[in-house]
Structure formats: structure tokens, C-alpha cells
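The next block holds one structure in the form of C-alpha cells; read it before the comments.
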Amino acid sequence: MHSTKIKEGDDREEMELNQIWRGCRKIQGAIFRYNFDICADLKQHDPGCSGFVSEPIFTAVLGKYRKVAGMSETELRDVTDYFQIRDGRVAYRQFCKVVCSETLHKVPKNDLATGLEWNDPWHVNVIPQPEDRRKLCLILLKVAQASHIPLMPYFQDYELIAQNVGVVTVSHFARVLHFMKIPLSEPDFLLLLRRYMKDGYLVNYVAFLKHVDNIMAYLSEQKLLDNSHDIIANFPGRLVDLEMSQLPAVDGCKLIHPIFPDACNQPKKNRTQCDIIFCIQNYVYKNQVRTTEFLESYDALRVGSITKNQFERGLSNMGVGKNLTQRELGILLERYTDPMDTNRVRWRNFADEIDTVFTIKNLDKMPQCVVESPLRHIQEMPRPGAIDWHAAPQSVRELCEDAMGRIRIRIRNRRLYLHPFFRSYDKLNSGHVRCNIATQIFRTNGILLSDPEQDAVLSRYGNALGFCYTKFLDDVDPAEYAMPALVTKQELVECPPFARDNQEPEDATEEVIVRILTNCRRQALAKNVAVIEFMSDYDRHREGEILESDFKRALDNSSVIIKEEEATILCNIFRSPRRRACVRYRDFCKALDEIFIQLDTNMGDQLVTAVPLLHLPNLDCVDCFLSFDERTICSQALMKLARKPDEISNLSQVFKDFDREQCGSITQNQFLRGLTVRDMHVMLSTRESKAICKCFGVKKGMCMEFNYREFLKILDVLFITGQKKQNY
């Protein structure tokens with residue numbers, strides 16, 4: 001391939017020959033394994049034997065074997081560009097010399113199984129430094145001891161998919177080691193890659209596993225391992241050991257104290273009772289622990305106290321015991337000792353005090369109490385890895401304050417909103433990002449800080465989890481313009497009385513009595529109730545009189561709702577002259593029945609005639625009541641529309657298209673539009689359409705809608721019974 005001539009000024013000079021050679025080696029391996037003749041396919045498209053074909057033909061021929069050879073589109077494009085000349089054609093003859101020259105005289109073997117005969121399966125790189133070779137042996141020894149199950153199947157699963165032979169990518173090699181709980185530091189992992197790297201981008205896992213198996217076989221033959229795959233303690237001689245490095249720590253900040261102390265895990269020497277309680281509350285809130293469940297099982301009789309040993313075991317089960325010394329445990333036991341029995345501990349008092357970090361006990365008895373969860377002293381506790389800012393050097397604090405002032409000025413002048421930048425990197429919503437991400441966000445928004453200022457800011461807001469951006473933004477950019485501030489709870493203020501609400505009792509004038517009776521008539525008519533049926537139940541002896549309390553109760557039962565003062569006025573009007581505590585309810589019901597019947601007195605006789613047409617209003621809507629004239633107009637309009645019922649006009653389909661929720665009602669505008677679609681709007685005048693909408697109206701919330709299902713039923717009944725107007 002190096003014999004190919006490259007003209008001066010050609011762009012191919014910038015190509016990496018290693019990538020071109022990698023693609024050609026894949027094609028060579030595919031030709032050797034599957035014995036197909038790619039040169040013959042290319043010659044068919046060159047009848048003149050010029051040695052050149054067009055770029056689409058060359059790409060199409062190679063694309064036919066791309067998946068078999070395991071080539072990517074990038075590698076195919078690189079190979080095509082390398083053998084392409086200036087006029088756009090591809091020198092396929094040069095390509096065939098490079099790819100097929102080594103395989104022309106080879107005879108394919110029928111018993112070939114793995115394809116490792118083409119490439120050396122034990123290919124490893126030479127490491128000249130003796131120190132590196134010695135460290136590599138120690139790494140392989142630790143890997144052999146850490147892997148208790150065979151690693152070969154994990155690599156072979158990838159090989160079946162990628163169609164590689166004995167090699168895997170670097171990322172998959174690292175992924176398998178991490179999955180098998182074999183943590184390696186970056187220098188150790190790079191040393192393994194230096195030894196087993198192949199073709200510049202693959203790892204020869206066959207040689208790696210062979211060396212690991214050889215080490216285990218040697219140790220087993222020499223009987224240097226026990227049952228747990230560890231070196232025996234009485235090993236005769238001296239074996240240099242290598243401690244495996246743990247997983248790399250989070251990219252934290254350059255803190256003043258490199259060790260990350262926890263206020264609870266590494267406590268100060270003389271902690272008081274408050275410090276101990278605060279640390280337990282912090283642990284319980286952070287891990288969402290239910291304290292009662294760990295202690296109540298020891299209290300079988302539910303007396304509220306347990307022994308000291310049981311209390312200590314309960315704290316250990318919670319996970320708190322590991323953070324307490326014997327002195328601090330003694331302080332805790334002394335605080336909650338049962339005064340009746342000094343050998344027992346009142347665990348309920350302990351659980352109630354710890355649970356205040358979540359809520360307050362008996363909160364249902366204090367409706368106006370504002371609960372703060374978690375408590376403020378828990379929120380302000382230093383996180384693991386955070387330094388005591390008050391104990392920091394004065395120069396560092398002054399430098400941090402100057403930097404914070406510059407950041408505030410930059411945010412105010414540029415009107416920056418930094419919250420989305422930090423949240424986009426905080427996938428777990430923990431309130432922390434990596435410190436290098438924080439510096440990157442500063443540079444992105446034009447906040448330029450010197451190295452000492454940046455280190456001071458990171459030292460103040462950094463901890464073991466990274467950079468606490470929530471606390472940083474609260475101090476430097478509260479963003480009151482973007483997030484509404486919480487308003488303190490206001491005191492309850494009684495609503496002032498309305499001007500129309502007269503607190504003084506009304507006088508029983510004729511106007512007031514007529515208004516009350518009209519209100520009762522309207523409700524009785526709208527709800528279609530017979531009030532006398534509710535009141536006659538209280539009249540056992542059929543005397544026409546009931547008690548005043550029964551009269552008011554019967555009004556409520558009949559859904560005729562009036563005020564207490566109005567009910568008292570009615571009782572005074574219809575009070576019985578014989579019994580001051582009773583009311584003549586029949587006279588009251590006769591006054592209400594005037595809306596159903598018409599009283600006509602002629603020749604001293606009282607003739608009762610019924611109203612010819614009584615409208616039954618909608619029970620859900622009081623505003624749908626029709627007068628006599630409106631009922632007449634509505635009946636005439638329905639008789640007109642009955643000439644085209646649903647089976648002729650198919651109005652139901654139009655109304656159902658408007659009724660997307662299938663609730664049986666549409667708006668009045670949609671009702672008129674539906675009539676217009678079927679050319680039925682010419683049958684009605686404006687007054688008739690309003691009367692129909694009012695007759696079949698249904699009140700939904702604050703709007704009035706039209707019940708089209710009842711409307712269509714009425715039209716069908718009128719059409720079937722023949723009550724339709726022929727001429728109009």
C-alpha cells in the first residue's frame with residue numbers, strides 16, 4: 001500500500017495511514033475467511049482494463065462486503081478517498097494489489113474454525129522497562145485473585161456481535177473489568193493496554209486471559225492459594241504485594257482540607273447532647289429512617305420503655321450506633337432514662353424528639369401551626385468534605401468575598417440566569433455539580449476569575465459531592481425575578497358584611513311577605529316538589545296544624561331553602577289562633593298551589609280549574625323556566641322541526657361531532673350551527689330559537705348549554721304521533 005504514489009498538494013497527505021491500513025486488514029481477513037474474489041467483481045465494471053472505476057461503483061462493490069468484513073462507513077469512505085485520483089475515479093488495481101496480493105496463492109482450509117490463523121492470537125507488545133514489567137505481573141496477579149469466575153464468556157458475547165476475532169474494543173475491555181468488580185487506576189489500566197493493545201484500537205483479550213489462567217495454574221500447582229483464592233499466610237519467602245487502587249473519587253474541589261470529614265462519622269471529641277441529637281436527626285432525615293419501627297419491637301407490652309441493651313441494639317440496627325462512642329451513648333442513655341426504673345430507657349420520647357425533623361406530633365390539633373421540614377439547624381449542618389468557613393484564613397475569606405461581589409455585579413449588569421446551566425448537569429437533582437463543570441459555566445457566562453479567586457469560591461461551596469450550586473446561587477443570585485418568593489402566612493381576617501346583608505331583623509311588611517312567598521313558589525316549581533306531602537307527615541291527627549319547628553324542618557326537607565328570619569316571618573303569618581306554638585301549614589300550601597292551579601270564585605262557589613299547559617322545568621337549572629307565552633312559542637317551533645326528525649335529517653351525527661366529551665350537551669352556538677348544516681334554520685325565527693334553547697338548557701358551571709339528546713327525543717315523539725305542522 002505504501003507503493004501508491006501520492007501527488008503533491010493532495011489532501012490524502014493528511015490522512016492517517018494507520019486507519020487506512022486497519023480497513024484494508026479487515027477486508028483481507030474477510031477474503032481469507034470467506035474466500036470471495038473482490039477483484040473479479042471490480043474487473044467486471046472495467047471492460048477496457050484501464051485499472052480505474054468510478055467512485056459509486058467502487059463504493060457499491062465494497063459496500064456489498066462491508067458488514068461481512070466488519071467495516072464502518074467511516075473506514076469505507078477513508079479507503080475510497082485514499083485510492084481516488086484527481087478526476088474522481090478510483091484506482092482499484094492498486095487496491096487489489098494491496099488487499100489481494102497476499103491471498104492469491106493461499107488455498108482456503110476447510111477445517112478453519114476461529115480465523116486466528118490469519119492473525120497471531122498471542123500478539124502482545126514488548127514493555128522494555130523492568131519496573132513496568134514487574135508492576136504488570138503484580139496487576140495480573142491481583143486480577144487473577146479478584147476474578148472468581150471465568151472471564152472468557154463476557155468477551156465472547158461481544159465478539160459474536162462485533163464479528164471480531166480474539167479482540168475487543170478498549171471501552172468494552174474496561175466495561176468487563178468494571179462489571180467483574182476489578183477496579184483499576186488509570187496508570188494500571190494504561191499499562192495493561194500497552195501490553196495487550198493490537199492494531200492501535202483493539203485489545204487482545206485472548207492473550208490477557210491466557211496469562212491470567214497461567215498465573216492461577218502456577219499458584220495452584222505450587223499450592224500457594226487457600227480456599228478463598230488468597231496467598232497463604234505461611235508462604236515461605238517474600239512476595240511483593242500490590243494494593244489495588246479504589247475507584248477514583250469524585251472530581252471534587254481543591255479544598256483546604258484534602259480529607260473529607262463528616263460531622264457525624266468523624267465527630268469532635270467533646271460533643272454535647274444537642275450535637276448528638278442533631279447528628280442522629282441528620283442521619284434519619286438523609287436516609288429516611290423510621291425510628292419507631294426499630295425500637296417498638298422490643299416493647300412487647302407497649303409501656304414506652306425498653307432496656308438499655310435493647311436501646312443500643314436498636315440504634316445499631318438503624319445504622320446510628322457506628323457513629324456514637326461509648327461516652328456519647330452514655331450521654332444519650334442518661335437523657336432518656338426512665339425515672340421510674342433507672343435500668344430502662346423511654347424510647348418513645350427519643351423517637352418523638354428525633355421525628356421532629358419530619359413533622360410535629362399531634363399536628364391535627366394545631367391547624368395554624370407552620371411545620372418546617374427539615375429543621376433549620378439540619379439544613380445548615382456542614383456536609384461531608386465541607387470546611388469550617390469561619391475557621392478559614394482571613395485572606396481566603398476576603399478573596400472569596402471580592403470574587404462574590406464581582407459575580408453579583410456581572411449577573412446584575414448582564415441579567416444572567418445561571419440556574420438552567422447548573423441544572424442541566426445535575427441529572428440526579430442533588431444540588432451539586434463537578435467543580436470543573438462549575439468553572440466551565442463561569443467561563444461560558446463571561447465570569448472571569450483568577451485562579452486564587454476561583455479556588456476560594458470552590459473552597460467555600462465545595463464538599464465531597466462536588467460544588468454545591470444551590471447554596472452558591474442563593475448567596476449570589478437568588479433570582480427573585482424568575483421564581484416567586486414564598487409569602488408568609490397571613491392571619492385569618494373575617495370577611496366584612498355586605499351592604500345588602502341587613503343585620504337588623506326585617507319588618508313583616510306586605511312587600512317582604514310577597515317576596516318570601518315568591519321565592520318559595522319559584523323553588524317549588526323549579527324543583528317540582530309537593531310541599532304538603534312533607535308537612536302532612538308531622539300532622540298525625542290531621543288537624544291542619546303542626547309545630548313551628550316541624551314547619552321549618554319540612555321546608556328544609558322539601559328543598560325549599562330560605563333564611564331563618566324568613567321562615568320565622570312565615571310562621572308568624574300562618575300561626576294558629578288556637579295554639580301559639582303551631583302553624584297552619586294547609587293555608588301556606590294553598591298559597592303555594594296557586595302556581596299549579598287557578599282559583600276562580602263565582603256565585604259564592606270556589607271553582608278550581610287546572611292550568612291548560614304546565615311546563616316542567618329542568619331540575620338542574622332554575623333559569624330554564626318558561627312562561628305561558630314562551631311555552632306556546634316553543635311548542636309551535638318543535639312542531640315545525642318535527643317534519644325533519646333525526647331519521648331524516650341525521651342531526652345526531654352533527655351534534656355528536658361537536659360533543660367531543662360525549663356528555664350529551666353542546667353550546668347554543670353549536671346547536672344553531674348544526675341546524676344550519678341541515679338547512680333547518682330557515683324554519684325558525686329568532687324568538688323561537690331562543691325559546692327552544694331556554695327550554696332544553698342545562699347549566700354547566702357558569703355557562704348555559706343545550707341538551708341535544710332530549711331535543712332529538714322530543715322531535716321523534718312528535719313525528720311518530722303525527723303532531724307536526726305541515727304548513728308554515
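Here's how to read the names in the C-alpha cells: chain A, B, ... by the order shown, residue numbers from 1 in each chain, ligand numbers from 1 in the order shown.
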Region 299-304 of chain A surroundings by only C-alpha atoms, 8 Å radius, close-in-sequence under 5 positions cut, as a JSON list (two decimals) with C-alpha atoms, in the first residue's frame:
```json
[["chain", "number", "residue", "atom", "x", "y", "z"],
["A", 346, "ARG", "CA", -38.00, 5.81, 77.43],
["A", 347, "TRP", "CA", -37.72, 5.10, 73.72],
["A", 348, "ARG", "CA", -40.97, 6.89, 72.80]]
```
Write out as a VMD selection string which residues come within 10 Å of Phe658 (chain A) when counting only C-alpha atoms, dropping same-chain ones fewer than 2 positions away. chain A and resid 653 to 656 660 to 662 665 to 667 670 to 671 673 to 674
Produce a file of the selected residues containing N, CA and C atoms, as a PDB file, in the first residue's frame.
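The result, written out as result03.pdb:
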```
ATOM      1  N   GLN A 653     -75.637  13.050  14.307  1.00  0.00           N
ATOM      2  CA  GLN A 653     -74.234  12.948  13.936  1.00  0.00           C
ATOM      3  C   GLN A 653     -73.549  14.308  13.977  1.00  0.00           C
ATOM      4  N   VAL A 654     -74.296  15.353  13.579  1.00  0.00           N
ATOM      5  CA  VAL A 654     -73.712  16.700  13.622  1.00  0.00           C
ATOM      6  C   VAL A 654     -73.474  17.123  15.061  1.00  0.00           C
ATOM      7  N   PHE A 655     -74.461  16.847  15.935  1.00  0.00           N
ATOM      8  CA  PHE A 655     -74.307  17.238  17.333  1.00  0.00           C
ATOM      9  C   PHE A 655     -73.218  16.420  18.025  1.00  0.00           C
ATOM     10  N   LYS A 656     -73.052  15.154  17.673  1.00  0.00           N
ATOM     11  CA  LYS A 656     -72.020  14.331  18.291  1.00  0.00           C
ATOM     12  C   LYS A 656     -70.618  14.789  17.899  1.00  0.00           C
ATOM     13  N   ARG A 660     -67.442  16.448  21.917  1.00  0.00           N
ATOM     14  CA  ARG A 660     -66.241  15.627  21.971  1.00  0.00           C
ATOM     15  C   ARG A 660     -66.141  14.854  23.287  1.00  0.00           C
ATOM     16  N   GLU A 661     -66.692  15.382  24.372  1.00  0.00           N
ATOM     17  CA  GLU A 661     -66.642  14.698  25.663  1.00  0.00           C
ATOM     18  C   GLU A 661     -67.774  13.710  25.839  1.00  0.00           C
ATOM     19  N   GLN A 662     -68.734  13.643  24.877  1.00  0.00           N
ATOM     20  CA  GLN A 662     -69.876  12.727  24.939  1.00  0.00           C
ATOM     21  C   GLN A 662     -70.651  12.902  26.239  1.00  0.00           C
ATOM     22  N   SER A 665     -74.461  17.360  25.928  1.00  0.00           N
ATOM     23  CA  SER A 665     -74.822  18.773  25.811  1.00  0.00           C
ATOM     24  C   SER A 665     -73.785  19.504  24.987  1.00  0.00           C
ATOM     25  N   ILE A 666     -74.248  20.518  24.251  1.00  0.00           N
ATOM     26  CA  ILE A 666     -73.383  21.364  23.439  1.00  0.00           C
ATOM     27  C   ILE A 666     -73.757  22.812  23.717  1.00  0.00           C
ATOM     28  N   THR A 667     -72.980  23.731  23.175  1.00  0.00           N
ATOM     29  CA  THR A 667     -73.290  25.142  23.353  1.00  0.00           C
ATOM     30  C   THR A 667     -74.443  25.551  22.430  1.00  0.00           C
ATOM     31  N   GLN A 670     -73.295  26.090  18.912  1.00  0.00           N
ATOM     32  CA  GLN A 670     -73.127  24.847  18.161  1.00  0.00           C
ATOM     33  C   GLN A 670     -74.475  24.263  17.750  1.00  0.00           C
ATOM     34  N   PHE A 671     -75.524  24.456  18.556  1.00  0.00           N
ATOM     35  CA  PHE A 671     -76.864  23.992  18.193  1.00  0.00           C
ATOM     36  C   PHE A 671     -77.367  24.712  16.946  1.00  0.00           C
ATOM     37  N   ARG A 673     -75.484  26.145  14.679  1.00  0.00           N
ATOM     38  CA  ARG A 673     -74.636  25.729  13.551  1.00  0.00           C
ATOM     39  C   ARG A 673     -75.076  24.370  13.015  1.00  0.00           C
ATOM     40  N   GLY A 674     -75.479  23.465  13.934  1.00  0.00           N
ATOM     41  CA  GLY A 674     -75.964  22.169  13.480  1.00  0.00           C
ATOM     42  C   GLY A 674     -77.238  22.275  12.661  1.00  0.00           C
TER      43      GLY A 674
END
```
Close residues, region 335-342 of chain A itself excluded, 10 Å, only C-alpha atoms, min 5 positions apart in chain, as a VMD selection string: chain A and resid 273 304 to 308 329 to 330 347 to 350
